[in-house]
Amino acid sequence: MCGIVGYIGGQQAYPILIEGLSKLEYRGYDSAGVALLCEDHLEMVKSVGRLRALEEKVGATDLVGTIGIGHTRWATHGRPCDENAHPHSDCTNEFVVIHNGIIENYQSLREWLQSEGHTFRSETDTEVLAHLIEHFYEGDLKEAVRLVIDKVKGSYGMVAMSRYEPDRLICARKDSPLVIGLGEGENFIASDIPALLKYTRQTFILNDGELADVTRDSVIIENGNGVPIDKEIIHIEWDVLAAEKDGYEHFMLKEIHEQPKAIRDTLRSRITADGLVNLDEVKLTAEQTKNLLKVVMVACGTAYHAGLVGKYVFEKLLRLPVEVDVASEFRYRDPLLGEDTLVVVISQSGETADTLAALRLAKEKGSPVVAVTNVVGSTVSREADQVIYTWAGPEIAVASTKAYTTQLIVLYLLALHLGQLMEAIPNEEVVLLTQELTQLPSHVDQILRQANELTEFTSRLSQWEDTFFIGRGLDYAVALEGSLKLKEISYIHAEAYAAGELKHGTLALITENIPVIALATQPQLYEKMWSNIKEVKARDAYVLAIVMEGDRETGKEVDAVITIPATIPLLSPVLSVIPLQLLSYYAAVQRGCDVDKPRNLAKSVTVE
Ligand code: AGP
């Protein structure tokens, strides 16, 4: 996620901007830039790469000034490069903005502004903000920004600055955090608290719809109607490390809790007003999709588990055969591919060596390749024919959580998009599914609020060295992901099993009190799951069931139950995985493991 820093006061701004941005580096970024009011003009320097590259570029320039803004960019619209780095300016270079978030209607705004004579320099959504300020400015920067935010749709944490008004910074916030740090004769702005702590712990936290007028000696905050608000000063107690995790003990827990926002962002602007799917990143024509004979999904680890869910979804909705392969197997089995086989490669980092090799093999064999990745500008994103980004923001913990759930979201959207092209799914069914997709973030929120219901089972689980996850259909696919989460961070040997398969051998390992996690969210499989649960209960296993609201039977058979909100069964993996992520996290904490950096593992496996 991008980083924002602003300063206005009596000190030189540039060193403060760089220092603040360096405290936000942990969030992940691919380019950076600063803009300062240097005497009578705006000076802006931007560079792709790390902050060091920016500092080298600034080296010769004399960036002297006491008001400035800085930004580290995590690309969403437009590849990482100097021109796409923030800040962005208008045609006259009299206004500059930095921005976190996604301007959903930026294309139409860009076209309108171009028709009004504006010329654009970047591929970003953000640049429209600078030109809109130029368009609306009539002598009051704050009023111009207010008109801009009335015009845009989407999410923003933005800061605007202008040579015409050298004594103020204007900020606005909707869905993307902004904090104002309060000093003596100086004030600071940041997207994240770590950037402020060296200078102040007294802050105003901007809420959605609020706009702030920041000068050296004052901060006036107004609501969406321009009415000044009396804000409470929040004193920050955190140290820098705690602040980087937004107060959570580990990045993994922070990222588990970021999933409602990550899912919302990934859905953003991909569902039309009439409830259909709009994936303009996918260039396949209706003709090409109708000629598809097969889909192959290739990935590793958690991404592979997302592909397993994708198989069920694609086969159910498109009635197309789907193969799912771990990339390290796929690339050596001389797979049957060609233009009638769509290959979907899934990779959070976009740098996994085996997945990259699979992508290259698929292209060599003439298959159209769609990539699902979280990192703009990653190798996978550059080499695939088409890319659909998960907008989860940087995932720092080695154990993947928000990347997985947003991969699922993209796979649902891709299935529906292809189904529309193939005319395989009636529009009414698409609308039903997209309506429920938009409910998922609040359902996830509800599950996260139940985390303490896992305490008793987790404390039992953390005492064991072996455990089993069982499920059928989609629940089996999620059981595999749950067992990987538990293994990789708690080091408990967890095994996921197709529930119907237990009696063919593994049931021999079910002993008294062994923890078993049973997923039972698929109504058409309830009776079968109940008999499998009875099988393990007959051997005195200690069973936690993950069930869906409305199921009053499964709970009678088990020792503990977590209920997820009712949803369309096809969408349940996005919800049923959440308790498993939490279970793994708390078991690992109880076992004193290094949750964010588990032994032997790397965040991105760039070797074979
Ligand atoms: C997930 O928790 C693991 N860290 C690992 O399995 C990961 O999913 C796998 O290495 C694939 O990574 P990618 O999505 O970046 O390709």
# chains A, B, ... in the order shown; residues from 1 in each chain; ligands from 1

$ residues_around --residues "range 389-399 of chain A" --least-positions-apart "2" --cutoff "9 Å" --atoms "only C-alpha atoms" --output "PyMOL selection string"
chain A and resi 1-2+26-29+74+76+250-253+255+258-259+261-267+281+302+348-349+371-376+381+387+401-403+406-407+409-410+484-485+488-489+595-598+601-604

$ closest_atom_pairs --of "range 130-191 of chain A" --to "range 90-111 of chain A" --cutoff "8 Å" --atoms "only C-alpha atoms" --output "JSON lines"
{"residue": "A:Ala130", "atom": "CA", "partner": "A:Asp90", "partner_atom": "CA", "distance": 4.9}
{"residue": "A:His131", "atom": "CA", "partner": "A:Asp90", "partner_atom": "CA", "distance": 4.7}
{"residue": "A:Ile133", "atom": "CA", "partner": "A:Phe95", "partner_atom": "CA", "distance": 7.3}
{"residue": "A:Glu134", "atom": "CA", "partner": "A:Asp90", "partner_atom": "CA", "distance": 6.2}
{"residue": "A:Val152", "atom": "CA", "partner": "A:Asn105", "partner_atom": "CA", "distance": 6.5}
{"residue": "A:Lys153", "atom": "CA", "partner": "A:Glu104", "partner_atom": "CA", "distance": 5.5}
{"residue": "A:Gly154", "atom": "CA", "partner": "A:Ile103", "partner_atom": "CA", "distance": 4.7}
{"residue": "A:Ser155", "atom": "CA", "partner": "A:Gly101", "partner_atom": "CA", "distance": 4.8}
{"residue": "A:Tyr156", "atom": "CA", "partner": "A:Gly101", "partner_atom": "CA", "distance": 4.6}
{"residue": "A:Gly157", "atom": "CA", "partner": "A:Asn100", "partner_atom": "CA", "distance": 5.0}
{"residue": "A:Met158", "atom": "CA", "partner": "A:His99", "partner_atom": "CA", "distance": 4.3}
{"residue": "A:Val159", "atom": "CA", "partner": "A:Ile98", "partner_atom": "CA", "distance": 5.5}
{"residue": "A:Ala160", "atom": "CA", "partner": "A:Val97", "partner_atom": "CA", "distance": 4.5}
{"residue": "A:Met161", "atom": "CA", "partner": "A:Val96", "partner_atom": "CA", "distance": 5.5}
{"residue": "A:Ser162", "atom": "CA", "partner": "A:Phe95", "partner_atom": "CA", "distance": 4.5}
{"residue": "A:Arg163", "atom": "CA", "partner": "A:Glu94", "partner_atom": "CA", "distance": 5.6}
{"residue": "A:Tyr164", "atom": "CA", "partner": "A:Glu94", "partner_atom": "CA", "distance": 7.2}
{"residue": "A:Asp175", "atom": "CA", "partner": "A:Gly101", "partner_atom": "CA", "distance": 7.6}
{"residue": "A:Ser176", "atom": "CA", "partner": "A:Gly101", "partner_atom": "CA", "distance": 5.9}

$ closest_residue --among "A:Val128, A:Ala520, A:Leu525, A:Val5" --to "Pro177 in chain A" --atoms "only C-alpha atoms"
A:Val5

$ closest_residue --among "A:Thr506, A:Thr285, A:Ser572, A:Asn600" --to "ligand 1" --atoms "only C-alpha atoms and all ligand atoms"
A:Asn600

$ atom_distance --atom1 "CA of Ile189 in chain A" --atom2 "CA of Tyr7 in chain A"
6.4 Å

$ residues_around --residues "Leu293 in chain A" --least-positions-apart "6" --cutoff "7 Å" --atoms "only C-alpha atoms" --output "number ranges by chain"
A: 320, 340-341

$ write_last_selection --atoms "N, CA and C atoms" --output "PDB file, in the first residue's frame"
ATOM      1  N   LEU A 320     -17.014 -26.326 -17.897  1.00  0.00           N
ATOM      2  CA  LEU A 320     -15.767 -26.571 -18.628  1.00  0.00           C
ATOM      3  C   LEU A 320     -14.874 -27.446 -17.743  1.00  0.00           C
ATOM      4  N   ASP A 340      -6.957 -23.788 -27.362  1.00  0.00           N
ATOM      5  CA  ASP A 340      -8.297 -24.095 -26.807  1.00  0.00           C
ATOM      6  C   ASP A 340      -8.224 -24.350 -25.303  1.00  0.00           C
ATOM      7  N   THR A 341      -7.020 -24.157 -24.729  1.00  0.00           N
ATOM      8  CA  THR A 341      -6.853 -24.347 -23.277  1.00  0.00           C
ATOM      9  C   THR A 341      -6.431 -23.041 -22.626  1.00  0.00           C
TER      10      THR A 341
END

$ closest_residue --among "A:Thr352, A:Thr405, A:Gln446, A:Gln114" --to "Val605 in chain A" --atoms "only C-alpha atoms"
A:Thr352

$ select_by_dssp --residues "range 223-342 of chain A" --states "strand (DSSP E)" --output "PyMOL selection string"
chain A and resi 234-235+294-299+322-326+341-342

$ atom_distance --atom1 "CA of Leu318 in chain A" --atom2 "CA of Arg472 in chain A"
20.8 Å

$ closest_residue --among "A:Leu132, A:Ile221, A:Leu582, A:Ile233" --to "Val444 in chain A" --atoms "only C-alpha atoms"
A:Leu582

$ residues_around --residues "Asp325 in chain A" --least-positions-apart "2" --cutoff "7 Å" --atoms "only C-alpha atoms" --output "ChimeraX atom specification"
/A:297-299,323,327,329-330

$ closest_residue --among "A:Thr126, A:Thr272, A:Ser47, A:Gln524" --to "Asp475 in chain A" --atoms "only C-alpha atoms"
A:Gln524

$ closest_residue --among "A:Thr567, A:Ser347, A:Glu608, A:Ile16" --to "ligand 1" --atoms "only C-alpha atoms and all ligand atoms"
A:Ser347

$ atom_distance --atom1 "CA of Thr289 in chain A" --atom2 "CA of Leu421 in chain A"
6.8 Å

$ select_by_dssp --residues "range 157-342 of chain A" --states "helix (DSSP H, G or I)" --output "MDAnalysis selection string"
chainID A and resid 193:195 240:244 251:257 259:267 286:290 301:318 327:330

$ residues_around --residues "Lys537 in chain A" --least-positions-apart "2" --cutoff "10 Å" --atoms "only C-alpha atoms" --output "list in words"
Ile510, Thr511, Glu512, Asn513, Ile514, Val516, Ser531, Asn532, Ile533, Lys534, Glu535, Arg539, Asp540, Ala541, Tyr542, Val543, Glu557, Val558 and Asp559 of chain A

$ write_last_selection --atoms "N, CA and C atoms" --output "PDB file, in the first residue's frame"
ATOM      1  N   ILE A 510      -6.633 -41.859  13.828  1.00  0.00           N
ATOM      2  CA  ILE A 510      -7.522 -41.068  14.687  1.00  0.00           C
ATOM      3  C   ILE A 510      -7.548 -41.705  16.070  1.00  0.00           C
ATOM      4  N   THR A 511      -6.933 -40.994  17.014  1.00  0.00           N
ATOM      5  CA  THR A 511      -6.844 -41.542  18.381  1.00  0.00           C
ATOM      6  C   THR A 511      -7.623 -40.656  19.353  1.00  0.00           C
ATOM      7  N   GLU A 512      -7.691 -41.066  20.592  1.00  0.00           N
ATOM      8  CA  GLU A 512      -8.503 -40.362  21.589  1.00  0.00           C
ATOM      9  C   GLU A 512      -8.025 -38.922  21.767  1.00  0.00           C
ATOM     10  N   ASN A 513      -9.007 -37.995  21.665  1.00  0.00           N
ATOM     11  CA  ASN A 513      -8.762 -36.552  21.873  1.00  0.00           C
ATOM     12  C   ASN A 513      -7.952 -35.863  20.786  1.00  0.00           C
ATOM     13  N   ILE A 514      -7.547 -36.578  19.734  1.00  0.00           N
ATOM     14  CA  ILE A 514      -6.803 -35.863  18.681  1.00  0.00           C
ATOM     15  C   ILE A 514      -7.694 -34.782  18.092  1.00  0.00           C
ATOM     16  N   VAL A 516      -9.554 -32.608  15.512  1.00  0.00           N
ATOM     17  CA  VAL A 516      -9.952 -32.723  14.097  1.00  0.00           C
ATOM     18  C   VAL A 516     -10.818 -31.519  13.770  1.00  0.00           C
ATOM     19  N   SER A 531     -21.750 -38.333   8.676  1.00  0.00           N
ATOM     20  CA  SER A 531     -21.287 -39.721   8.927  1.00  0.00           C
ATOM     21  C   SER A 531     -19.767 -39.732   9.093  1.00  0.00           C
ATOM     22  N   ASN A 532     -19.068 -38.863   8.370  1.00  0.00           N
ATOM     23  CA  ASN A 532     -17.595 -38.819   8.553  1.00  0.00           C
ATOM     24  C   ASN A 532     -17.241 -38.261   9.929  1.00  0.00           C
ATOM     25  N   ILE A 533     -18.019 -37.301  10.396  1.00  0.00           N
ATOM     26  CA  ILE A 533     -17.755 -36.758  11.740  1.00  0.00           C
ATOM     27  C   ILE A 533     -18.014 -37.838  12.789  1.00  0.00           C
ATOM     28  N   LYS A 534     -19.092 -38.586  12.562  1.00  0.00           N
ATOM     29  CA  LYS A 534     -19.390 -39.682  13.502  1.00  0.00           C
ATOM     30  C   LYS A 534     -18.250 -40.704  13.522  1.00  0.00           C
ATOM     31  N   GLU A 535     -17.656 -40.945  12.342  1.00  0.00           N
ATOM     32  CA  GLU A 535     -16.535 -41.906  12.259  1.00  0.00           C
ATOM     33  C   GLU A 535     -15.405 -41.480  13.201  1.00  0.00           C
ATOM     34  N   ARG A 539     -14.063 -42.649  17.414  1.00  0.00           N
ATOM     35  CA  ARG A 539     -12.678 -42.931  17.886  1.00  0.00           C
ATOM     36  C   ARG A 539     -12.218 -41.885  18.891  1.00  0.00           C
ATOM     37  N   ASP A 540     -13.218 -41.146  19.430  1.00  0.00           N
ATOM     38  CA  ASP A 540     -12.957 -40.169  20.511  1.00  0.00           C
ATOM     39  C   ASP A 540     -12.076 -39.007  20.101  1.00  0.00           C
ATOM     40  N   ALA A 541     -12.133 -38.640  18.823  1.00  0.00           N
ATOM     41  CA  ALA A 541     -11.430 -37.405  18.409  1.00  0.00           C
ATOM     42  C   ALA A 541     -12.133 -36.210  19.038  1.00  0.00           C
ATOM     43  N   TYR A 542     -11.409 -35.068  19.135  1.00  0.00           N
ATOM     44  CA  TYR A 542     -12.005 -33.830  19.657  1.00  0.00           C
ATOM     45  C   TYR A 542     -12.255 -32.935  18.448  1.00  0.00           C
ATOM     46  N   VAL A 543     -13.524 -32.735  18.094  1.00  0.00           N
ATOM     47  CA  VAL A 543     -13.853 -32.159  16.780  1.00  0.00           C
ATOM     48  C   VAL A 543     -14.375 -30.725  16.871  1.00  0.00           C
ATOM     49  N   GLU A 557     -23.122 -32.927  16.754  1.00  0.00           N
ATOM     50  CA  GLU A 557     -22.240 -34.095  16.666  1.00  0.00           C
ATOM     51  C   GLU A 557     -20.824 -33.791  17.163  1.00  0.00           C
ATOM     52  N   VAL A 558     -20.500 -32.517  17.467  1.00  0.00           N
ATOM     53  CA  VAL A 558     -19.077 -32.168  17.665  1.00  0.00           C
ATOM     54  C   VAL A 558     -18.848 -31.510  19.022  1.00  0.00           C
ATOM     55  N   ASP A 559     -17.571 -31.209  19.303  1.00  0.00           N
ATOM     56  CA  ASP A 559     -17.199 -30.653  20.617  1.00  0.00           C
ATOM     57  C   ASP A 559     -17.159 -29.129  20.608  1.00  0.00           C
TER      58      ASP A 559
END
